[in-house]
Amino acid sequence: MQAQQTQSSTVQLAGKTITIRPINLQDMTLEQDFIDHLSPETKHYRFFGAINHVSDTVLKSLCDIDGKNSMAFIATENSNGKEIEIGVCRYVFSENPDVHEMALTIADAWQHKGLGKLLMTHLMSYAKSHGIQTLYAVELAENPQMHALSKELGMLAKRDPDDCHQVIYSLAL
């Protein structure tokens, strides 16, 4: 089920025009290219292990959002007339309807330029306007980028009681 139409926005970042918009099923190839071009380290932090290619079933689940229980925004840039995905931020439903799990991935060339914070702010605003009270993320404890971003966003961090190699970041909206 696709989300209701949500406006896209454009911003200037690192001297480029970036579009932020909801992902949709027509973006499966865009999402596949994005994942395929992530470095092994970025894939490790996002998927908690080594992957080379994701299946069509996984791609469909990543691109098929409903705007309530699941939402995802992608950041894209236009390069030689072609739309290129450079980041994605999403949330999905959890057992508690007021609490949703989120994830963020930024293309390697766009890391440390403010894109993660920009996407997270966009997602947090959307989530709050749709009645979600808390967002959380389970991340590898060794991920310094997420640790820094979580501090910048005012998220709480605690070790996962079930896995000492993971940190649970949470943010009340």
# chains A, B, ... in the order shown; residues from 1 in each chain; ligands from 1
>>> residues_around(residues="Ala157 (chain A)", least_positions_apart="5", cutoff="7 Å", atoms="only C-alpha atoms", output="PyMOL selection string")
chain A and resi 167-170
>>> write_last_selection(atoms="C-alpha atoms", output="PDB file, in the first residue's frame")
ATOM      1  CA  VAL A 167      23.258   0.286  21.170  1.00  0.00           C
ATOM      2  CA  ILE A 168      19.608   1.319  21.261  1.00  0.00           C
ATOM      3  CA  TYR A 169      19.087   4.996  20.441  1.00  0.00           C
ATOM      4  CA  SER A 170      15.712   6.533  21.214  1.00  0.00           C
TER       5      SER A 170
END
>>> select_by_dssp(residues="region 5-133 of chain A", states="strand (DSSP E)", output="NGL selection string")
:A and (9-13 or 16-22 or 71-79 or 82-93 or 99-106)
>>> write_last_selection(atoms="N, CA and C atoms", output="CSV table (one decimal), in the first residue's frame")
chain,number,residue,atom,x,y,z
A,9,SER,N,10.8,18.2,-1.3
A,9,SER,CA,11.4,19.5,-1.0
A,9,SER,C,12.8,19.5,-1.6
A,10,THR,N,13.3,20.6,-1.9
A,10,THR,CA,14.6,20.8,-2.4
A,10,THR,C,15.4,21.7,-1.4
A,11,VAL,N,16.6,21.3,-1.2
A,11,VAL,CA,17.5,22.1,-0.4
A,11,VAL,C,18.9,22.2,-1.0
A,12,GLN,N,19.7,23.2,-0.6
A,12,GLN,CA,21.0,23.3,-1.0
A,12,GLN,C,21.9,22.7,0.0
A,13,LEU,N,22.8,21.8,-0.3
A,13,LEU,CA,23.7,21.1,0.6
A,13,LEU,C,25.0,20.8,-0.1
A,16,LYS,N,25.2,21.6,-3.8
A,16,LYS,CA,24.4,20.8,-4.7
A,16,LYS,C,22.9,21.0,-4.3
A,17,THR,N,22.0,20.8,-5.3
A,17,THR,CA,20.6,20.9,-5.1
A,17,THR,C,20.1,19.4,-4.8
A,18,ILE,N,19.6,19.2,-3.6
A,18,ILE,CA,19.2,17.9,-3.1
A,18,ILE,C,17.6,17.9,-3.0
A,19,THR,N,17.0,16.8,-3.5
A,19,THR,CA,15.6,16.6,-3.3
A,19,THR,C,15.3,15.6,-2.3
A,20,ILE,N,14.4,15.9,-1.4
A,20,ILE,CA,14.0,14.9,-0.4
A,20,ILE,C,12.5,14.6,-0.6
A,21,ARG,N,12.2,13.3,-0.8
A,21,ARG,CA,10.9,12.9,-1.1
A,21,ARG,C,10.6,11.5,-0.6
A,22,PRO,N,9.3,11.2,-0.5
A,22,PRO,CA,9.0,9.8,-0.1
A,22,PRO,C,9.4,8.8,-1.1
A,71,MET,N,7.3,4.6,6.8
A,71,MET,CA,7.6,5.8,6.0
A,71,MET,C,9.0,5.8,5.7
A,72,ALA,N,9.4,6.3,4.5
A,72,ALA,CA,10.8,6.4,4.1
A,72,ALA,C,10.9,7.7,3.2
A,73,PHE,N,12.0,8.4,3.5
A,73,PHE,CA,12.3,9.6,2.7
A,73,PHE,C,13.7,9.3,2.1
A,74,ILE,N,13.8,9.6,0.8
A,74,ILE,CA,15.1,9.5,0.1
A,74,ILE,C,15.6,10.9,-0.2
A,75,ALA,N,16.9,11.0,-0.2
A,75,ALA,CA,17.5,12.2,-0.7
A,75,ALA,C,18.2,11.8,-2.0
A,76,THR,N,17.9,12.7,-3.0
A,76,THR,CA,18.5,12.4,-4.4
A,76,THR,C,19.2,13.7,-4.9
A,77,GLU,N,20.1,13.4,-5.8
A,77,GLU,CA,20.7,14.5,-6.5
A,77,GLU,C,20.6,14.2,-8.0
A,78,ASN,N,20.6,15.2,-8.8
A,78,ASN,CA,20.5,15.0,-10.3
A,78,ASN,C,21.9,15.1,-10.8
A,79,SER,N,22.3,14.0,-11.5
A,79,SER,CA,23.7,14.0,-12.1
A,79,SER,C,23.6,13.6,-13.5
A,82,LYS,N,20.2,12.3,-14.6
A,82,LYS,CA,19.8,11.1,-13.9
A,82,LYS,C,19.6,11.3,-12.4
A,83,GLU,N,18.5,10.8,-11.8
A,83,GLU,CA,18.3,10.9,-10.4
A,83,GLU,C,19.2,9.8,-9.7
A,84,ILE,N,20.0,10.3,-8.7
A,84,ILE,CA,20.8,9.4,-8.0
A,84,ILE,C,20.4,9.5,-6.5
A,85,GLU,N,20.1,8.3,-5.9
A,85,GLU,CA,19.8,8.3,-4.4
A,85,GLU,C,21.1,8.4,-3.7
A,86,ILE,N,21.1,9.4,-2.7
A,86,ILE,CA,22.3,9.6,-1.9
A,86,ILE,C,22.1,9.4,-0.4
A,87,GLY,N,20.8,9.1,0.0
A,87,GLY,CA,20.5,8.8,1.4
A,87,GLY,C,19.1,8.4,1.6
A,88,VAL,N,18.8,7.7,2.6
A,88,VAL,CA,17.5,7.2,3.0
A,88,VAL,C,17.3,7.2,4.5
A,89,CYS,N,16.1,7.5,4.9
A,89,CYS,CA,15.8,7.5,6.3
A,89,CYS,C,14.4,6.9,6.4
A,90,ARG,N,14.2,6.0,7.3
A,90,ARG,CA,12.9,5.3,7.3
A,90,ARG,C,12.5,4.9,8.7
A,91,TYR,N,11.2,4.7,8.9
A,91,TYR,CA,10.7,4.0,10.1
A,91,TYR,C,9.7,3.0,9.7
A,92,VAL,N,9.6,2.0,10.6
A,92,VAL,CA,8.6,0.9,10.4
A,92,VAL,C,7.9,0.6,11.7
A,93,PHE,N,6.8,0.0,11.6
A,93,PHE,CA,5.9,-0.3,12.7
A,93,PHE,C,6.6,-1.3,13.7
A,99,VAL,N,5.4,3.8,19.0
A,99,VAL,CA,6.9,3.6,18.9
A,99,VAL,C,7.2,2.9,17.6
A,100,HIS,N,8.1,3.5,16.9
A,100,HIS,CA,8.5,2.9,15.6
A,100,HIS,C,10.0,2.9,15.5
A,101,GLU,N,10.5,1.8,14.9
A,101,GLU,CA,11.9,1.6,14.6
A,101,GLU,C,12.4,2.4,13.4
A,102,MET,N,13.5,3.0,13.5
A,102,MET,CA,14.0,3.8,12.3
A,102,MET,C,15.4,3.3,11.9
A,103,ALA,N,15.7,3.7,10.7
A,103,ALA,CA,17.1,3.4,10.1
A,103,ALA,C,17.5,4.6,9.2
A,104,LEU,N,18.7,4.8,9.1
A,104,LEU,CA,19.3,5.8,8.3
A,104,LEU,C,20.5,5.3,7.6
A,105,THR,N,20.6,5.6,6.3
A,105,THR,CA,21.8,5.2,5.5
A,105,THR,C,22.2,6.4,4.6
A,106,ILE,N,23.4,6.7,4.6
A,106,ILE,CA,23.9,7.8,3.7
A,106,ILE,C,25.0,7.3,2.8
>>> atom_distance(atom1="CA of Val138 (chain A)", atom2="CA of Gln166 (chain A)")
6.5 Å
>>> residues_around(residues="Ser61 (chain A)", least_positions_apart="3", cutoff="12 Å", atoms="only C-alpha atoms", output="ChimeraX atom specification")
/A:1-2,23-25,27-28,31,54-58,64-66,70-72,90,92
>>> write_last_selection(atoms="C-alpha atoms", output="tab-separated table (two decimals), in the first residue's frame")
chain	number	residue	atom	x	y	z
A	1	MET	CA	0.00	0.00	0.00
A	2	GLN	CA	1.47	3.37	-0.98
A	23	ILE	CA	10.24	6.61	-1.57
A	24	ASN	CA	7.81	4.60	-3.74
A	25	LEU	CA	7.63	1.29	-5.57
A	27	ASP	CA	12.21	3.54	-6.88
A	28	MET	CA	13.24	-0.12	-6.60
A	31	GLU	CA	17.27	1.85	-4.16
A	54	VAL	CA	19.49	-7.47	-1.92
A	55	SER	CA	16.64	-9.52	-3.35
A	56	ASP	CA	13.65	-8.09	-5.18
A	57	THR	CA	11.50	-9.09	-2.19
A	58	VAL	CA	13.65	-7.03	0.18
A	64	ASP	CA	6.50	-0.07	-0.33
A	65	ILE	CA	5.48	2.36	2.40
A	66	ASP	CA	2.03	3.23	3.69
A	70	SER	CA	5.97	2.79	7.60
A	71	MET	CA	7.56	5.83	6.01
A	72	ALA	CA	10.78	6.45	4.15
A	90	ARG	CA	12.86	5.31	7.34
A	92	VAL	CA	8.65	0.87	10.43
>>> residues_around(residues="Ser125 (chain A)", least_positions_apart="5", cutoff="9 Å", atoms="only C-alpha atoms", output="list in words")
Met120, His130 and Leu173 of chain A
>>> closest_residue(among="A:Asp160, A:Ala172, A:His122, A:Met146", to="Gln7 (chain A)", atoms="only C-alpha atoms")
A:His122
